[in-house]
>>> print(open('start.txt').read())   # compact mmCIF, C-alpha atoms
# COMPACT_ATOMS: atom_id res chain seq x y z
CA MET A 6 17.99 42.84 -4.37
CA ASN A 7 14.72 42.97 -6.23
CA VAL A 8 14.92 39.30 -7.01
CA ALA A 9 15.52 38.48 -3.35
CA VAL A 10 12.41 40.42 -2.32
CA GLU A 11 10.35 38.62 -4.94
CA MET A 12 11.60 35.26 -3.78
CA ASP A 13 10.54 36.16 -0.25
CA ALA A 14 7.10 37.19 -1.46
CA VAL A 15 6.67 33.90 -3.30
CA ARG A 16 7.66 31.93 -0.27
CA GLN A 17 5.22 33.89 1.92
CA GLY A 18 2.52 33.12 -0.62
CA GLU A 19 3.10 29.41 -0.19
CA LEU A 20 2.71 29.67 3.56
CA LEU A 21 -0.60 31.59 3.44
CA ASP A 22 -3.70 30.26 5.10
CA ILE A 23 -5.58 27.83 2.90
CA SER A 24 -8.55 30.20 2.45
CA GLU A 25 -6.30 33.08 1.36
CA ALA A 26 -3.94 31.22 -0.91
CA GLY A 27 -6.19 31.04 -3.98
CA PRO A 28 -6.59 27.96 -6.19
CA ALA A 29 -4.24 25.11 -5.41
CA PRO A 30 -1.45 24.40 -7.89
CA LYS A 31 -2.12 21.67 -10.41
CA ARG A 32 0.32 19.23 -8.82
CA VAL A 33 -1.70 19.36 -5.58
CA ILE A 34 -5.00 18.86 -7.44
CA ALA A 35 -3.60 15.96 -9.48
CA GLY A 36 -2.25 14.34 -6.31
CA PHE A 37 -5.64 14.75 -4.61
CA GLY A 38 -7.53 13.28 -7.55
CA PHE A 39 -5.23 10.28 -7.68
CA TRP A 40 -5.55 9.88 -3.93
CA ILE A 41 -9.36 9.66 -4.36
CA PHE A 42 -8.83 6.91 -6.95
CA LEU A 43 -6.51 5.05 -4.58
CA LEU A 44 -9.07 5.25 -1.78
CA SER A 45 -11.78 3.87 -4.09
CA ASP A 46 -9.39 1.05 -4.96
CA ILE A 47 -8.87 0.38 -1.26
CA VAL A 48 -12.65 0.31 -0.72
CA MET A 49 -12.87 -2.33 -3.49
CA PHE A 50 -10.16 -4.36 -1.75
CA SER A 51 -12.05 -4.06 1.53
CA ALA A 52 -15.00 -5.85 -0.11
CA LEU A 53 -12.64 -8.62 -1.26
CA PHE A 54 -11.17 -8.84 2.25
CA ALA A 55 -14.64 -9.07 3.76
CA SER A 56 -15.62 -11.91 1.40
CA TYR A 57 -12.35 -13.72 2.16
CA ALA A 58 -12.84 -13.38 5.92
CA VAL A 59 -16.41 -14.70 5.63
CA LEU A 60 -15.45 -17.64 3.39
CA VAL A 61 -12.10 -18.65 4.91
CA LYS A 62 -13.63 -21.64 6.72
CA ALA A 63 -15.74 -22.74 3.73
CA THR A 64 -13.23 -25.24 2.36
CA ALA A 65 -15.82 -27.82 1.20
CA GLY A 66 -13.55 -30.66 2.34
CA GLY A 67 -10.71 -29.35 0.18
CA PRO A 68 -7.32 -28.06 1.27
CA THR A 69 -7.35 -25.53 4.10
CA ALA A 70 -5.34 -22.36 4.60
CA ALA A 71 -2.96 -24.02 7.05
CA GLN A 72 -2.15 -26.77 4.53
CA LEU A 73 -1.59 -24.46 1.58
CA PHE A 74 0.25 -21.38 2.76
CA ASP A 75 3.99 -21.16 3.19
CA GLN A 76 5.05 -18.39 5.55
CA HIS A 77 8.60 -18.40 4.25
CA ASN A 78 7.33 -17.56 0.78
CA ALA A 79 5.05 -14.84 2.16
CA ALA A 80 7.96 -13.31 4.10
CA MET A 81 10.08 -13.19 0.94
CA GLU A 82 7.26 -11.55 -1.01
CA THR A 83 6.80 -9.01 1.79
CA ALA A 84 10.50 -8.14 1.78
CA PHE A 85 10.56 -7.73 -2.02
CA LEU A 86 7.53 -5.45 -2.06
CA LEU A 87 8.70 -3.34 0.89
CA LEU A 88 12.15 -2.81 -0.64
CA SER A 89 10.54 -2.05 -3.99
CA SER A 90 8.40 0.59 -2.30
CA TYR A 91 11.52 2.05 -0.68
CA ALA A 92 13.36 2.18 -4.01
CA CYS A 93 10.31 3.88 -5.52
CA GLY A 94 10.45 6.51 -2.75
CA LEU A 95 14.12 7.17 -3.47
CA MET A 96 13.26 7.40 -7.16
CA SER A 97 10.68 10.13 -6.43
CA LEU A 98 13.35 12.01 -4.44
CA ALA A 99 15.60 11.78 -7.49
CA VAL A 100 12.71 13.11 -9.62
CA ASN A 101 12.39 16.09 -7.25
CA SER A 102 16.06 16.92 -7.65
CA ARG A 103 16.05 16.08 -11.42
CA TYR A 104 18.85 13.56 -10.97
CA HIS A 105 18.82 11.34 -14.09
CA LEU A 106 21.09 8.55 -12.90
CA GLY A 107 19.22 8.23 -9.59
CA ILE A 108 15.86 8.02 -11.38
CA PHE A 109 17.11 5.35 -13.77
CA PHE A 110 18.70 3.32 -10.98
CA GLY A 111 15.65 3.67 -8.71
CA ALA A 112 13.30 2.65 -11.51
CA VAL A 113 15.37 -0.44 -12.37
CA VAL A 114 15.52 -1.56 -8.73
CA THR A 115 11.79 -0.89 -8.24
CA PHE A 116 10.97 -2.87 -11.38
CA LEU A 117 13.23 -5.83 -10.57
CA LEU A 118 11.95 -6.17 -6.99
CA GLY A 119 8.34 -5.85 -8.16
CA ALA A 120 8.96 -8.49 -10.84
CA ALA A 121 10.58 -10.77 -8.23
CA PHE A 122 7.47 -10.38 -6.07
CA LEU A 123 5.20 -11.23 -8.98
CA ASN A 124 7.35 -14.22 -9.90
CA LEU A 125 7.11 -15.66 -6.37
CA GLU A 126 3.36 -15.11 -6.31
CA LEU A 127 2.83 -16.80 -9.68
CA ARG A 128 4.96 -19.76 -8.58
CA GLU A 129 2.87 -20.05 -5.44
CA PHE A 130 -0.30 -20.06 -7.55
CA GLN A 131 1.20 -22.69 -9.86
CA GLY A 132 2.13 -24.87 -6.90
CA MET A 133 -1.38 -24.60 -5.49
CA ILE A 134 -3.01 -25.39 -8.82
CA ALA A 135 -0.69 -28.38 -9.22
CA VAL A 136 -2.03 -29.94 -6.02
CA GLY A 137 -5.64 -29.37 -7.07
CA ALA A 138 -6.23 -26.18 -5.08
CA VAL A 139 -7.87 -24.40 -8.00
CA PRO A 140 -10.33 -21.50 -7.61
CA GLN A 141 -13.24 -23.80 -8.51
CA ARG A 142 -12.44 -26.19 -5.65
CA SER A 143 -14.07 -24.26 -2.80
CA ALA A 144 -15.46 -20.88 -1.81
CA PHE A 145 -12.34 -20.32 0.29
CA LEU A 146 -10.07 -20.81 -2.71
CA SER A 147 -12.25 -18.62 -4.95
CA ALA A 148 -12.01 -15.81 -2.38
CA PHE A 149 -8.25 -16.33 -1.98
CA PHE A 150 -7.48 -16.23 -5.70
CA THR A 151 -9.72 -13.20 -6.20
CA LEU A 152 -8.13 -11.22 -3.37
CA VAL A 153 -4.46 -12.07 -3.89
CA GLY A 154 -4.81 -12.29 -7.68
CA CYS A 155 -6.37 -8.82 -7.77
CA HIS A 156 -3.41 -7.44 -5.85
CA GLY A 157 -1.00 -9.26 -8.17
CA LEU A 158 -2.84 -7.79 -11.16
CA HIS A 159 -2.36 -4.32 -9.69
CA VAL A 160 1.36 -5.00 -9.30
CA ALA A 161 1.59 -6.17 -12.93
CA VAL A 162 -0.22 -3.02 -14.11
CA GLY A 163 2.14 -0.94 -11.95
CA LEU A 164 5.19 -2.55 -13.57
CA ALA A 165 3.83 -1.78 -17.05
CA TRP A 166 3.12 1.79 -15.92
CA LEU A 167 6.69 2.17 -14.65
CA VAL A 168 8.13 1.10 -18.00
CA LEU A 169 5.78 3.52 -19.77
CA MET A 170 6.86 6.37 -17.48
CA MET A 171 10.53 5.69 -18.15
CA VAL A 172 9.84 5.81 -21.91
CA GLN A 173 7.92 9.08 -21.49
CA LEU A 174 10.68 10.55 -19.36
CA SER A 175 13.35 9.73 -21.91
CA LEU A 176 11.24 11.07 -24.80
CA ARG A 177 9.76 14.20 -23.20
CA GLY A 178 12.15 15.07 -20.38
CA PHE A 179 11.01 16.71 -17.14
CA GLN A 180 7.76 18.24 -18.40
CA ASP A 181 5.32 19.10 -15.61
CA VAL A 182 2.85 16.47 -16.79
CA VAL A 183 5.50 13.73 -16.78
CA VAL A 184 6.66 14.69 -13.27
CA ARG A 185 3.03 14.62 -12.05
CA ARG A 186 2.54 11.16 -13.53
CA LEU A 187 5.72 9.92 -11.89
CA HIS A 188 4.43 11.14 -8.52
CA CYS A 189 1.08 9.45 -9.13
CA PHE A 190 2.97 6.24 -9.91
CA SER A 191 4.87 6.40 -6.62
CA LEU A 192 1.58 6.97 -4.74
CA PHE A 193 0.13 3.91 -6.52
CA TRP A 194 3.14 1.77 -5.66
CA HIS A 195 3.11 2.75 -1.97
CA ALA A 196 -0.66 2.12 -1.77
CA LEU A 197 -0.11 -1.40 -3.17
CA ASP A 198 2.36 -2.02 -0.36
CA ILE A 199 -0.26 -0.93 2.20
CA ILE A 200 -2.73 -3.44 0.75
CA TRP A 201 -0.06 -6.16 0.85
CA VAL A 202 0.46 -5.46 4.58
CA LEU A 203 -3.20 -6.35 5.09
CA ILE A 204 -2.94 -9.41 2.82
CA PHE A 205 0.04 -10.97 4.58
CA THR A 206 -1.53 -10.28 7.97
CA VAL A 207 -5.04 -11.54 7.21
CA VAL A 208 -4.28 -14.32 4.70
CA TYR A 209 -0.84 -15.67 5.49
CA LEU A 210 -0.52 -15.04 9.25
CA MET A 211 -4.06 -15.04 10.71
CA GLY A 212 -5.27 -17.65 8.22
CA VAL A 213 -2.87 -20.32 9.45
CA LEU A 214 -3.31 -19.78 13.19
CA PRO A 215 -4.46 -22.95 14.94
CA MET B 4 10.51 27.24 8.12
CA THR B 5 12.21 24.01 8.94
CA GLU B 6 9.08 22.67 10.61
CA MET B 7 7.17 23.11 7.35
CA ARG B 8 9.44 20.74 5.55
CA TRP B 9 7.19 17.66 5.66
CA ASP B 10 3.84 19.43 5.44
CA LEU B 11 3.31 18.32 1.86
CA ALA B 12 0.35 16.83 0.09
CA PRO B 13 0.87 13.46 -1.57
CA GLY B 14 2.64 13.95 -4.86
CA ASP B 15 3.56 17.49 -3.86
CA ARG B 16 6.92 19.11 -4.40
CA PRO B 17 8.74 20.59 -1.43
CA THR B 18 7.86 24.22 -0.56
CA ILE B 19 11.53 24.84 0.07
CA PRO B 20 13.63 24.99 -3.11
CA VAL B 21 15.61 21.82 -3.57
CA SER B 22 18.87 23.72 -3.51
CA GLU B 23 18.21 24.87 0.05
CA GLN B 24 17.24 21.47 1.36
CA LYS B 25 19.69 19.18 2.94
CA ALA B 26 20.16 16.50 0.31
CA SER B 27 19.78 13.71 2.82
CA SER B 28 16.56 14.80 4.61
CA GLY B 29 14.11 13.03 2.27
CA PHE B 30 16.37 10.03 2.20
CA LEU B 31 16.30 9.91 6.00
CA VAL B 32 12.49 9.95 6.06
CA TYR B 33 12.22 7.04 3.62
CA THR B 34 14.94 5.09 5.42
CA LEU B 35 13.27 5.64 8.78
CA GLY B 36 9.98 4.47 7.26
CA LEU B 37 11.67 1.37 5.82
CA LEU B 38 13.25 0.54 9.19
CA LEU B 39 9.98 0.96 11.10
CA ALA B 40 8.05 -1.07 8.52
CA ALA B 41 10.69 -3.82 8.61
CA ILE B 42 10.61 -3.96 12.41
CA LEU B 43 6.78 -4.17 12.42
CA THR B 44 6.81 -6.87 9.72
CA VAL B 45 9.36 -8.99 11.55
CA THR B 46 7.37 -8.57 14.77
CA SER B 47 4.20 -9.70 12.95
CA PHE B 48 5.86 -12.88 11.71
CA TRP B 49 7.34 -13.51 15.15
CA VAL B 50 3.97 -13.01 16.89
CA ALA B 51 2.28 -15.44 14.51
CA ASN B 52 4.83 -18.18 15.18
CA THR B 53 5.77 -17.79 18.82
CA SER B 54 4.28 -19.72 21.70
CA VAL B 55 5.28 -17.07 24.22
CA ILE B 56 2.09 -15.08 23.64
CA TRP B 57 -1.29 -16.24 24.89
CA ALA B 58 -2.83 -17.82 21.77
CA PRO B 59 -6.25 -16.05 21.78
CA GLY B 60 -4.45 -12.71 21.93
CA VAL B 61 -2.42 -13.32 18.78
CA PRO B 62 -5.03 -12.14 16.18
CA ALA B 63 -5.54 -8.89 18.09
CA GLY B 64 -1.78 -8.36 18.24
CA LEU B 65 -1.45 -9.00 14.49
CA ALA B 66 -4.26 -6.53 13.78
CA VAL B 67 -2.59 -3.83 15.88
CA LEU B 68 0.78 -4.42 14.16
CA ALA B 69 -0.83 -4.27 10.70
CA ILE B 70 -2.64 -1.01 11.49
CA ALA B 71 0.57 0.47 12.90
CA GLN B 72 2.45 -0.51 9.75
CA MET B 73 -0.23 1.04 7.54
CA GLY B 74 0.17 4.24 9.57
CA VAL B 75 3.94 4.13 9.04
CA HIS B 76 3.42 3.73 5.29
CA LEU B 77 0.92 6.60 5.16
CA VAL B 78 3.18 9.02 7.04
CA PHE B 79 6.66 8.10 5.82
CA PHE B 80 5.97 6.90 2.25
CA LEU B 81 2.75 8.65 1.18
CA HIS B 82 3.50 11.78 3.26
CA ILE B 83 -0.02 12.18 4.62
CA THR B 84 0.49 15.02 7.07
CA THR B 85 -1.51 17.73 8.81
CA GLY B 86 -0.09 20.40 6.51
CA PRO B 87 -2.42 22.94 4.82
CA ASP B 88 -2.04 21.38 1.35
CA SER B 89 -2.88 17.99 2.77
CA SER B 90 -6.15 18.68 4.60
CA HIS B 91 -8.35 17.48 1.72
CA ASN B 92 -6.32 14.32 1.48
CA VAL B 93 -6.74 13.66 5.19
CA LEU B 94 -10.51 14.22 4.98
CA ALA B 95 -10.75 11.86 1.99
CA LEU B 96 -8.68 9.31 3.90
CA ALA B 97 -10.99 9.57 6.91
CA PHE B 98 -14.01 8.99 4.66
CA GLY B 99 -12.26 6.03 3.02
CA VAL B 100 -11.46 4.51 6.40
CA LEU B 101 -15.11 4.91 7.43
CA ILE B 102 -16.33 3.06 4.30
CA VAL B 103 -13.73 0.31 4.73
CA PHE B 104 -14.74 -0.13 8.36
CA LEU B 105 -18.46 -0.30 7.45
CA VAL B 106 -17.86 -2.85 4.67
CA LEU B 107 -15.60 -5.08 6.78
CA ALA B 108 -17.37 -4.90 10.14
CA GLY B 109 -20.83 -4.94 8.56
CA SER B 110 -20.13 -8.03 6.44
CA LEU B 111 -18.50 -9.93 9.29
CA VAL B 112 -21.20 -9.10 11.86
CA ILE B 113 -24.07 -9.88 9.48
CA MET B 114 -22.59 -13.16 8.25
CA ALA B 115 -21.71 -14.31 11.78
CA ASN B 116 -25.26 -13.45 12.87
CA LEU B 117 -26.77 -15.35 9.94
CA ASN B 118 -24.67 -18.39 10.74
CA GLU B 119 -25.71 -18.27 14.35
CA ASN B 120 -29.43 -17.70 13.85
CA MET B 121 -30.27 -19.65 10.72
CA MET B 122 -28.24 -22.81 11.21
CA VAL B 123 -29.45 -24.93 14.09
CA HIS B 124 -27.17 -27.93 13.67
CA SER B 125 -23.49 -27.70 13.10
CA GLU B 126 -23.65 -30.19 10.23
CA MET B 127 -26.27 -27.99 8.56
CA MET B 128 -23.88 -25.10 8.91
CA ASN B 129 -21.18 -27.07 7.16
CA LEU B 130 -23.56 -27.88 4.31
CA GLN B 131 -24.47 -24.26 3.93
CA MET B 132 -20.86 -23.16 3.91
CA GLN B 133 -19.82 -25.72 1.33
CA HIS B 134 -21.31 -24.04 -1.73
>>> encode(input="start.txt", output="structure tokens")
Amino acid sequence: MNVAVEMDAVRQGELLDISEAGPAPKRVIAGFGFWIFLLSDIVMFSALFASYAVLVKATAGGPTAAQLFDQHNAAMETAFLLLSSYACGLMSLAVNSRYHLGIFFGAVVTFLLGAAFLNLELREFQGMIAVGAVPQRSAFLSAFFTLVGCHGLHVAVGLAWLVLMMVQLSLRGFQDVVVRRLHCFSLFWHALDIIWVLIFTVVYLMGVLP
Amino acid sequence: MTEMRWDLAPGDRPTIPVSEQKASSGFLVYTLGLLLAAILTVTSFWVANTSVIWAPGVPAGLAVLAIAQMGVHLVFFLHITTGPDSSHNVLALAFGVLIVFLVLAGSLVIMANLNENMMVHSEMMNLQMQH
């Protein structure tokens, strides 16, 4: 009886107005701080997007966007990253319900799809470099490699982070700090997918329009 | 109580204890997000390749589809909502969007203006752009 009343009081406390609820719990503050970092990252990407959009016609007689980009490849990369983001979301659900097998499975699928994305992107870069479309060739190619390479670098860092989180989870279990880091990772991974949406629209679809 | 279910800040845990939640509700949100994102992506690729749509309208259509898909990601994957825990996140997002808009629109407008006003001949323009 007493316990039930207390539970009710706790639940009321969580529904209080924001000015009456007191300091926010640490998980909310950590999420907010990481969200600020993600927004600053997105602002950095916006500068790269702006330079790409300005320089896209500056091919200096070299290969143009329409000659270089393969939409089939871009579609595959998009599918891999979107499904990886979905698997990451399911993994964070499994973290919420402390379901070990689900977390492990979600992490493996997220990692494999992210690695498949990175593999396709690196192959595309290799193919471009093989035909002489190196970053030094023109301002357009410098801007392209900076923008897409920066996103790829973020994906690579995210994959390393995921492995690190799995190691931490197996060593330390569901400590609050580990759960917070896992949530930050899923925010990071979803934000990368948002940036990829812009990349495939601006670079691979708009860039090759006649 | 049930309406509060998705009013969570990013990275937040549900206000309702997990045991009381329907196990499938979070799964449904992510799956719905995946479906919407997939539909928007496929539409983007179709718009870019079709000849049905008036060609000058295609970039605008692609921009609208991309913004819609970013909205889908924010709501269904990052759980940006209007909930009380999320108000700071929404404000920060609004500020971020303002900065992104200023950087993008400002750069494009200024560079287009420079090209127009400082380059008289088209061949000069090409020279300038070929650095």
>>> closest_atom_pairs(input="start.txt", of="chain A", to="chain B", cutoff="6 Å", atoms="all atoms listed in the file", output="CSV")
residue,atom,partner,partner_atom,distance
A:Val33,CA,B:Asp15,CA,5.8
A:Gly36,CA,B:Gly14,CA,5.1
A:Leu44,CA,B:Gly99,CA,5.8
A:Val48,CA,B:Val103,CA,5.6
A:Ser51,CA,B:Val103,CA,5.7
A:Ala55,CA,B:Leu107,CA,5.1
A:Ala63,CA,B:Met132,CA,5.1
A:Ala65,CA,B:Gln133,CA,4.5
A:His188,CA,B:Gly14,CA,4.9
A:Ile199,CA,B:Met73,CA,5.7
A:Leu210,CA,B:Ala51,CA,6.0
>>> atom_distance(input="start.txt", atom1="atom CA of A:Ala71", atom2="atom CA of B:Met121")
27.9 Å
>>> closest_atom_pairs(input="start.txt", of="stretch 45-91 of chain A", to="stretch 204-207 of chain A", cutoff="12 Å", atoms="all atoms listed in the file", output="CSV")
residue,atom,partner,partner_atom,distance
A:Phe50,CA,A:Ile204,CA,9.9
A:Ser51,CA,A:Ile204,CA,10.6
A:Leu53,CA,A:Ile204,CA,10.6
A:Phe54,CA,A:Ile204,CA,8.3
A:Ala55,CA,A:Val207,CA,10.5
A:Tyr57,CA,A:Val207,CA,9.1
A:Ala58,CA,A:Val207,CA,8.1
A:Val59,CA,A:Val207,CA,11.9
A:Val61,CA,A:Val207,CA,10.3
A:Ala70,CA,A:Val207,CA,11.1
A:Phe74,CA,A:Phe205,CA,10.6
A:Asp75,CA,A:Phe205,CA,11.0
A:Gln76,CA,A:Phe205,CA,9.0
A:His77,CA,A:Phe205,CA,11.3
A:Asn78,CA,A:Phe205,CA,10.5
A:Ala79,CA,A:Phe205,CA,6.8
A:Ala80,CA,A:Phe205,CA,8.3
A:Met81,CA,A:Phe205,CA,10.9
A:Glu82,CA,A:Phe205,CA,9.1
A:Thr83,CA,A:Phe205,CA,7.6
A:Ala84,CA,A:Phe205,CA,11.2
A:Leu86,CA,A:Phe205,CA,11.4
>>> axis_aligned_box(input="start.txt", around="stretch 23-42 of chain A", padding_each_side="3 Å", output="AutoDock Vina command-line options")
--center_x -4.5 --center_y 20.0 --center_z -3.8 --size_x 15.7 --size_y 32.2 --size_z 19.3
>>> closest_residue(input="start.txt", among="A:Gly27, A:Gly212, A:Gly157, A:Gly178", to="A:Arg103", atoms="all atoms listed in the file")
A:Gly178
>>> atom_distance(input="start.txt", atom1="atom CA of A:Thr64", atom2="atom CA of A:Ala144")
6.4 Å
>>> closest_residue(input="start.txt", among="A:Leu127, A:Ala112, A:Leu87, A:Met211", to="A:Leu158", atoms="all atoms listed in the file")
A:Leu127
>>> atom_distance(input="start.txt", atom1="atom CA of A:Phe145", atom2="atom CA of A:Leu60")
5.1 Å
